[in-house]
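Shown next: work.txt, given as compact mmCIF, C-alpha atoms and all ligand atoms.
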```
# COMPACT_ATOMS: atom_id res chain seq x y z
CA MET A 185 13.92 -46.11 4.39
CA THR A 186 11.29 -44.98 6.91
CA PRO A 187 9.82 -41.49 7.52
CA ARG A 188 12.27 -41.19 10.43
CA ASP A 189 15.24 -41.92 8.09
CA ALA A 190 13.86 -39.56 5.46
CA LEU A 191 13.61 -36.68 7.93
CA ALA A 192 17.12 -37.37 9.23
CA ARG A 193 18.36 -37.18 5.67
CA ALA A 194 16.59 -33.84 5.20
CA ARG A 195 18.21 -32.48 8.34
CA ALA A 196 21.63 -33.51 7.01
CA ALA A 197 20.82 -31.67 3.76
CA GLY A 198 20.06 -28.51 5.75
CA VAL A 199 16.33 -28.53 4.98
CA ASP A 200 13.96 -27.11 7.61
CA ARG A 201 12.07 -29.83 9.54
CA LEU A 202 8.58 -28.56 8.75
CA ASP A 203 9.48 -28.18 5.06
CA ALA A 204 10.81 -31.75 5.03
CA GLN A 205 7.65 -33.11 6.68
CA LEU A 206 5.45 -31.32 4.16
CA LEU A 207 7.53 -32.60 1.23
CA LEU A 208 7.47 -36.15 2.58
CA ALA A 209 3.72 -35.97 3.10
CA ALA A 210 3.35 -34.68 -0.49
CA ALA A 211 5.58 -37.50 -1.81
CA LEU A 212 3.37 -40.02 0.01
CA GLY A 213 0.10 -38.32 -0.89
CA ARG A 214 -0.81 -38.33 2.83
CA PRO A 215 -1.54 -35.59 5.37
CA ARG A 216 1.44 -34.57 7.51
CA GLU A 217 -0.18 -36.08 10.64
CA TRP A 218 0.07 -39.51 9.04
CA LEU A 219 3.86 -39.38 9.35
CA LEU A 220 3.75 -39.30 13.16
CA ALA A 221 1.89 -42.60 13.43
CA HIS A 222 3.97 -44.32 10.74
CA ASP A 223 7.42 -43.17 11.71
CA ASP A 224 9.04 -46.61 11.38
CA GLU A 225 7.18 -47.97 8.37
CA ALA A 226 9.13 -48.60 5.16
CA LEU A 227 8.25 -46.05 2.47
CA PRO A 228 7.05 -47.32 -0.91
CA ASP A 229 9.86 -47.03 -3.49
CA ALA A 230 7.98 -44.52 -5.65
CA ALA A 231 7.35 -42.21 -2.67
CA HIS A 232 10.97 -42.53 -1.61
CA ALA A 233 12.12 -41.51 -5.10
CA ARG A 234 9.67 -38.59 -5.22
CA PHE A 235 10.86 -37.41 -1.82
CA ASP A 236 14.55 -37.55 -2.85
CA THR A 237 13.82 -35.37 -5.88
CA LEU A 238 11.80 -32.84 -3.86
CA LEU A 239 14.43 -32.75 -1.12
CA ALA A 240 17.23 -32.07 -3.60
CA ARG A 241 15.23 -29.24 -5.18
CA ARG A 242 14.41 -27.70 -1.79
CA ALA A 243 18.07 -27.98 -0.70
CA ALA A 244 18.99 -26.11 -3.92
CA GLY A 245 16.75 -23.21 -2.88
CA GLU A 246 13.46 -23.76 -4.74
CA PRO A 247 10.61 -22.24 -2.74
CA LEU A 248 8.53 -24.77 -0.83
CA ALA A 249 5.39 -23.24 -2.37
CA TYR A 250 6.50 -24.26 -5.90
CA LEU A 251 7.39 -27.79 -4.78
CA LEU A 252 4.03 -28.27 -3.07
CA GLY A 253 2.18 -26.26 -5.74
CA GLU A 254 0.31 -24.25 -3.14
CA ARG A 255 0.59 -21.50 -0.54
CA GLU A 256 -1.83 -20.08 1.99
CA PHE A 257 -2.54 -16.35 1.81
CA HIS A 258 -4.98 -14.44 4.00
CA GLY A 259 -6.81 -17.67 4.80
CA LEU A 260 -7.10 -18.78 1.17
CA LEU A 261 -5.26 -21.80 -0.22
CA LEU A 262 -3.81 -20.65 -3.56
CA GLN A 263 -2.20 -22.77 -6.25
CA VAL A 264 1.13 -21.34 -7.35
CA THR A 265 3.56 -22.16 -10.14
CA PRO A 266 6.91 -20.59 -11.07
CA ALA A 267 4.91 -18.26 -13.38
CA VAL A 268 3.86 -16.25 -10.30
CA LEU A 269 5.53 -14.72 -7.29
CA VAL A 270 5.00 -16.73 -4.11
CA PRO A 271 2.45 -14.73 -2.05
CA ARG A 272 4.12 -13.20 1.04
CA PRO A 273 2.68 -12.50 4.50
CA ASP A 274 3.83 -8.85 4.05
CA THR A 275 1.22 -8.47 1.32
CA GLU A 276 -1.55 -9.31 3.80
CA THR A 277 -0.88 -5.80 5.17
CA LEU A 278 -2.11 -4.36 1.86
CA VAL A 279 -5.22 -6.58 1.90
CA ASP A 280 -6.01 -5.69 5.52
CA TRP A 281 -5.70 -1.99 4.70
CA ALA A 282 -8.01 -2.34 1.69
CA LEU A 283 -10.61 -4.28 3.69
CA ALA A 284 -10.46 -1.72 6.52
CA LEU A 285 -11.15 1.11 4.03
CA LEU A 286 -14.02 -0.84 2.46
CA ALA A 287 -15.53 -1.53 5.90
CA GLY A 288 -14.85 2.02 7.18
CA PRO A 289 -14.50 5.21 5.10
CA LEU A 290 -15.85 3.44 1.99
CA ALA A 291 -18.67 1.61 3.79
CA ASP A 292 -21.30 3.85 2.16
CA GLU A 293 -20.21 2.76 -1.33
CA ALA A 294 -22.86 0.17 -2.19
CA ALA A 295 -20.89 -1.33 -5.09
CA PRO A 296 -17.22 -0.33 -4.81
CA VAL A 297 -14.98 -1.19 -7.76
CA VAL A 298 -11.58 -2.53 -6.71
CA ALA A 299 -8.58 -3.25 -8.97
CA ASP A 300 -5.42 -5.32 -8.36
CA LEU A 301 -2.66 -4.38 -10.82
CA GLY A 302 -0.06 -7.10 -11.43
CA THR A 303 -2.10 -9.75 -9.64
CA GLY A 304 0.24 -12.75 -10.13
CA SER A 305 -1.44 -15.70 -8.38
CA GLY A 306 -4.51 -13.50 -7.80
CA ALA A 307 -3.73 -13.33 -4.07
CA ILE A 308 -4.72 -9.70 -3.36
CA ALA A 309 -7.77 -9.67 -5.63
CA LEU A 310 -9.11 -12.97 -4.31
CA ALA A 311 -8.59 -12.04 -0.65
CA VAL A 312 -10.40 -8.70 -1.17
CA CYS A 313 -13.18 -10.42 -3.11
CA ARG A 314 -13.72 -12.89 -0.29
CA GLY A 315 -13.40 -10.25 2.44
CA CYS A 316 -15.79 -7.77 0.78
CA PRO A 317 -18.45 -9.60 -1.24
CA ARG A 318 -20.22 -6.35 -2.24
CA ALA A 319 -17.11 -5.17 -4.14
CA ARG A 320 -16.67 -5.74 -7.84
CA VAL A 321 -13.04 -6.88 -8.11
CA VAL A 322 -11.02 -6.65 -11.32
CA ALA A 323 -7.42 -7.84 -11.58
CA SER A 324 -4.79 -7.57 -14.29
CA ASP A 325 -1.39 -8.96 -15.16
CA ALA A 326 0.98 -8.48 -18.10
CA SER A 327 1.78 -12.20 -18.06
CA ALA A 328 -0.78 -14.51 -19.70
CA GLU A 329 0.79 -17.44 -17.84
CA ALA A 330 0.33 -15.70 -14.48
CA LEU A 331 -3.23 -14.74 -15.37
CA ALA A 332 -4.04 -18.40 -16.09
CA VAL A 333 -2.88 -19.31 -12.57
CA ALA A 334 -4.94 -16.47 -11.07
CA ARG A 335 -8.04 -17.37 -13.07
CA ALA A 336 -7.78 -21.02 -12.03
CA ASN A 337 -7.51 -19.94 -8.38
CA GLY A 338 -10.62 -17.80 -8.77
CA GLN A 339 -12.54 -20.68 -10.32
CA ARG A 340 -11.45 -23.19 -7.69
CA LEU A 341 -12.32 -20.85 -4.83
CA GLY A 342 -15.59 -19.73 -6.43
CA LEU A 343 -14.62 -16.05 -6.21
CA PRO A 344 -15.95 -13.93 -9.11
CA VAL A 345 -12.94 -11.73 -9.93
CA GLN A 346 -12.75 -10.34 -13.50
CA TRP A 347 -9.30 -11.03 -15.05
CA LEU A 348 -7.65 -8.71 -17.61
CA LEU A 349 -4.42 -9.15 -19.56
CA GLY A 350 -2.13 -6.12 -19.83
CA ASP A 351 0.42 -3.76 -18.39
CA TRP A 352 -0.55 -1.62 -15.36
CA TRP A 353 -3.45 0.67 -16.39
CA GLN A 354 -3.61 -0.27 -20.06
CA PRO A 355 -6.35 -2.95 -19.85
CA TYR A 356 -8.76 -1.03 -17.62
CA ALA A 357 -10.02 1.61 -20.03
CA GLN A 358 -10.06 -0.94 -22.83
CA ALA A 359 -12.29 -3.31 -20.83
CA GLY A 360 -14.68 -0.51 -19.87
CA VAL A 361 -14.06 -0.91 -16.13
CA PRO A 362 -15.90 1.91 -14.28
CA PRO A 363 -13.91 4.48 -12.26
CA LEU A 364 -12.19 2.70 -9.39
CA THR A 365 -13.08 3.14 -5.74
CA LEU A 366 -9.83 1.50 -4.75
CA ALA A 367 -6.73 0.43 -6.69
CA LEU A 368 -4.15 -1.94 -5.19
CA SER A 369 -0.80 -3.19 -6.36
CA ASN A 370 2.21 -5.17 -5.21
CA PRO A 371 4.40 -4.34 -8.23
CA PRO A 372 8.04 -5.32 -8.79
CA TYR A 373 10.11 -3.04 -6.56
CA ILE A 374 13.52 -4.64 -6.03
CA ALA A 375 16.55 -2.75 -7.40
CA ALA A 376 18.54 -4.59 -10.07
CA GLY A 377 21.65 -4.82 -7.87
CA ASP A 378 19.89 -5.86 -4.65
CA PRO A 379 21.91 -8.47 -2.70
CA HIS A 380 18.71 -10.47 -1.92
CA LEU A 381 18.04 -11.23 -5.58
CA PRO A 382 20.12 -14.42 -5.86
CA ALA A 383 17.95 -16.01 -3.16
CA LEU A 384 14.85 -15.14 -5.22
CA ARG A 385 16.21 -16.61 -8.50
CA HIS A 386 13.43 -19.22 -8.80
CA GLU A 387 10.69 -16.58 -8.93
CA PRO A 388 9.73 -14.64 -12.10
CA ARG A 389 12.15 -11.76 -12.42
CA PRO A 390 9.63 -9.36 -14.02
CA ALA A 391 7.51 -9.76 -10.85
CA LEU A 392 10.46 -8.72 -8.67
CA VAL A 393 12.61 -6.24 -10.59
CA PRO A 394 11.20 -3.34 -12.63
CA PRO A 395 13.12 -1.84 -15.56
CA GLY A 396 15.80 0.67 -14.59
CA GLY A 397 18.08 0.70 -11.60
CA ASN A 398 16.47 1.77 -8.31
CA GLY A 399 13.36 -0.40 -8.09
CA LEU A 400 10.90 2.52 -8.38
CA ALA A 401 9.99 2.40 -12.09
CA ALA A 402 6.82 0.33 -11.76
CA LEU A 403 5.62 2.21 -8.67
CA ARG A 404 6.26 5.46 -10.57
CA ALA A 405 4.32 4.27 -13.64
CA ILE A 406 1.36 3.16 -11.55
CA VAL A 407 1.18 6.46 -9.63
CA ALA A 408 1.64 8.50 -12.82
CA GLY A 409 -1.24 6.78 -14.61
CA ALA A 410 -3.65 6.43 -11.69
CA THR A 411 -5.74 9.60 -11.52
CA PRO A 412 -7.89 9.18 -14.65
CA HIS A 413 -8.80 5.63 -13.56
CA LEU A 414 -9.81 6.52 -10.00
CA ALA A 415 -13.19 7.86 -9.00
CA PRO A 416 -12.96 11.21 -7.21
CA GLY A 417 -12.16 10.30 -3.59
CA GLY A 418 -10.83 6.90 -4.74
CA TRP A 419 -7.77 5.38 -3.08
CA LEU A 420 -4.50 3.98 -4.44
CA LEU A 421 -2.60 1.64 -2.07
CA LEU A 422 0.84 0.29 -2.97
CA GLU A 423 3.21 -2.28 -1.49
CA HIS A 424 6.90 -1.37 -1.79
CA GLY A 425 10.36 -2.11 -0.40
CA HIS A 426 11.15 -1.49 3.28
CA ASP A 427 13.15 1.64 2.40
CA GLN A 428 10.85 3.10 -0.30
CA ALA A 429 8.04 4.54 1.86
CA ASP A 430 9.20 8.16 1.65
CA ALA A 431 9.88 7.93 -2.09
CA VAL A 432 6.42 6.51 -2.77
CA ALA A 433 4.79 9.13 -0.53
CA SER A 434 6.52 11.85 -2.60
CA LEU A 435 5.35 10.28 -5.85
CA LEU A 436 1.76 10.29 -4.56
CA ARG A 437 1.87 13.86 -3.22
CA ASN A 438 3.45 15.14 -6.43
CA ALA A 439 0.66 13.46 -8.40
CA GLY A 440 -1.92 15.37 -6.32
CA PHE A 441 -2.95 12.66 -3.84
CA ASP A 442 -4.32 13.60 -0.40
CA ASP A 443 -4.26 11.74 2.91
CA VAL A 444 -0.96 10.03 2.05
CA GLN A 445 -0.18 7.48 4.75
CA HIS A 446 1.67 4.24 5.46
CA ARG A 447 1.02 0.80 6.91
CA GLU A 448 3.64 -1.44 8.53
CA ASP A 449 4.36 -5.10 7.81
CA LEU A 450 4.83 -7.77 10.50
CA ALA A 451 8.48 -6.77 10.92
CA GLY A 452 7.48 -3.14 11.61
CA HIS A 453 8.69 -1.76 8.23
CA ARG A 454 6.55 0.82 6.44
CA ARG A 455 5.64 -1.67 3.69
CA CYS A 456 2.61 0.02 2.12
CA THR A 457 1.86 3.62 1.17
CA GLY A 458 -1.35 5.01 -0.21
CA GLY A 459 -3.38 8.12 -0.80
CA ARG A 460 -6.73 9.43 -1.98
CA ARG A 461 -7.59 11.22 -5.17
CA PRO A 462 -9.12 14.52 -4.06
CA ALA A 463 -12.89 14.70 -4.30
CA PRO A 464 -14.12 17.90 -5.98
CA ALA A 465 -14.81 20.66 -3.47
CA PRO A 466 -18.53 20.99 -2.64
CA VAL A 467 -20.21 23.90 -4.48
N1 LIG B 501 8.44 -8.64 -1.02
C1 LIG B 501 9.14 -9.40 -2.01
C2 LIG B 501 10.51 -9.74 -1.50
O1 LIG B 501 11.21 -8.89 -1.04
C3 LIG B 501 9.26 -8.65 -3.31
C4 LIG B 501 7.95 -8.48 -3.95
C5 LIG B 501 7.97 -7.49 -5.06
O2 LIG B 501 8.97 -7.10 -5.65
N2 LIG B 501 6.83 -7.03 -5.33
O3 LIG B 501 10.89 -10.90 -1.52
```
Kindly transcribe the structure held in the file into structure tokens.
Ligand code: GLN
Amino acid sequence: MTPRDALARARAAGVDRLDAQLLLAAALGRPREWLLAHDDEALPDAAHARFDTLLARRAAGEPLAYLLGEREFHGLLLQVTPAVLVPRPDTETLVDWALALLAGPLADEAAPVVADLGTGSGAIALAVCRGCPRARVVASDASAEALAVARANGQRLGLPVQWLLGDWWQPYAQAGVPPLTLALSNPPYIAAGDPHLPALRHEPRPALVPPGGNGLAALRAIVAGATPHLAPGGWLLLEHGHDQADAVASLLRNAGFDDVQHREDLAGHRRCTGGRRPAPAPV
């Protein structure tokens, strides 16, 4: 069995060519480029066996990121395990919005405090921490297992995010985090009956589906609890489903937020909605 045979076998199993190359490179412990120059060389038995296992798992729908143990997000290489959602390119929209606020309307804040609620792999928090070194970034998750993945990513990347265990807003007051300049979250927002869920079965369900039926429960809880944790004039930015932008905008307006607006993902869906806690009127 040569790399050429291995890739033909992957094609027959219906596995994407790039995925197959990355899995074969991982099985060999070599960079992907190595495969090109060694197309007709017999694979060591152990690598062959490792590749067969990885290929079978990929063909059965396991995300490539779990099989490789890593995924790139906003220019950072993150380690991921099945304890965390695989970071998505859509979520880079939320990070870009946060960094634009920090570099623009919030540029005068010398030491902004930024929170990432439900951080999973740490993707949002770490990308904001790298993109805005003057910010103090705090991130939380209700899953201790997820938080261990996030913390390890922070350590490996040398990014000083503070990690807190707990549900939505609960850990912030407890940890004495100062009023937030900016709060971010990509919470679970998929409805329990959504037809896309079977394809996401390898990812942690609590990271995808909130309690209740329509996918809004976590977004609702975060908006409902936000105001006391935000500094006056502080922002709350949320990622949500492609058809939830109007619902999230209503939640924010009803909770007293100003400047409610949206940002689109790469597919042109309104994927993020956010608003500002009113600053007190000047006296
Ligand atoms: N965007 C993810 C998906 O649709 C869901 C992420 C989430 O629920 N927060 O696959």
Subject >> Distance criterion (only C-alpha atoms): nearest to A:Gly377 out of A:Pro395, A:Gly259, A:Gly245, A:Gly418 >> reply: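 Closest to A:Gly377, using only C-alpha atoms: A:Pro395.
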Subject >> Test item: residues at most 8 Å from A:Ala307, only C-alpha atoms, excluding those fewer than 6 positions along its chain, as a ChimeraX atom specification >> reply: /A:257,262,271,334
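With only C-alpha atoms and all ligand atoms as the basis for measurement, A:Val270 is the residue among A:Val270, A:Leu364, A:Leu341, A:Val321 that approaches ligand LIG 501 (chain B) most closely.
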**OP:** Using only C-alpha atoms and all ligand atoms, find each residue with an atom at most 6 Å away from ligand LIG 501 (chain B) and format the answer as a PyMOL selection string.
**Re:** chain A and resi 370-374+392
Subject >> Residue among A:Pro215, A:Pro382, A:Gly458, A:Pro394 lying closest to A:Leu422, counting all atoms listed in the file >> reply: A:Gly458
As lines of an AutoDock Vina configuration file, please: the centre and edge lengths in Å, to one decimal, of an axis-aligned box enclosing every listed atom of stretch 369-373 of chain A with 3 Å added on each side.
```
center_x = 4.7
center_y = -4.2
center_z = -7.0
size_x = 16.9
size_y = 8.3
size_z = 9.6
```
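Atom pair atom CA of A:Ala410 / atom CA of A:Arg318 has a distance of 23.0 Å (rounded to one decimal).
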Could you produce a table of the residues of stretch 395-437 of chain A lying within 8 Å of stretch 444-456 of chain A, with the nearest pair of atoms per residue and their separation in Å rounded to one decimal, using all atoms listed in the file, ordered by chain and increasing residue number, as JSON lines?
```
{"residue": "A:Leu421", "atom": "CA", "partner": "A:Cys456", "partner_atom": "CA", "distance": 6.9}
{"residue": "A:Leu422", "atom": "CA", "partner": "A:Cys456", "partner_atom": "CA", "distance": 5.4}
{"residue": "A:Glu423", "atom": "CA", "partner": "A:Cys456", "partner_atom": "CA", "distance": 4.3}
{"residue": "A:His424", "atom": "CA", "partner": "A:Arg455", "partner_atom": "CA", "distance": 5.6}
{"residue": "A:Gly425", "atom": "CA", "partner": "A:Arg455", "partner_atom": "CA", "distance": 6.3}
{"residue": "A:His426", "atom": "CA", "partner": "A:Arg455", "partner_atom": "CA", "distance": 5.5}
{"residue": "A:Asp427", "atom": "CA", "partner": "A:Arg454", "partner_atom": "CA", "distance": 7.8}
{"residue": "A:Ala429", "atom": "CA", "partner": "A:Arg454", "partner_atom": "CA", "distance": 6.1}
{"residue": "A:Ala433", "atom": "CA", "partner": "A:Val444", "partner_atom": "CA", "distance": 6.4}
{"residue": "A:Leu436", "atom": "CA", "partner": "A:Val444", "partner_atom": "CA", "distance": 7.2}
{"residue": "A:Arg437", "atom": "CA", "partner": "A:Val444", "partner_atom": "CA", "distance": 7.1}
```
List the spatial neighbours of A:Gly315 as a CSV table (one decimal) with C-alpha atoms, in the coordinates of the input - criterion: any atom at most 12 Å away, all atoms listed in the file, same-chain residues fewer than 6 positions off excluded.
```csv
chain,number,residue,atom,x,y,z
A,258,HIS,CA,-5.0,-14.4,4.0
A,259,GLY,CA,-6.8,-17.7,4.8
A,260,LEU,CA,-7.1,-18.8,1.2
A,276,GLU,CA,-1.6,-9.3,3.8
A,279,VAL,CA,-5.2,-6.6,1.9
A,280,ASP,CA,-6.0,-5.7,5.5
A,281,TRP,CA,-5.7,-2.0,4.7
A,282,ALA,CA,-8.0,-2.3,1.7
A,283,LEU,CA,-10.6,-4.3,3.7
A,284,ALA,CA,-10.5,-1.7,6.5
A,285,LEU,CA,-11.2,1.1,4.0
A,286,LEU,CA,-14.0,-0.8,2.5
A,287,ALA,CA,-15.5,-1.5,5.9
A,308,ILE,CA,-4.7,-9.7,-3.4
A,309,ALA,CA,-7.8,-9.7,-5.6
A,321,VAL,CA,-13.0,-6.9,-8.1
A,343,LEU,CA,-14.6,-16.0,-6.2
```
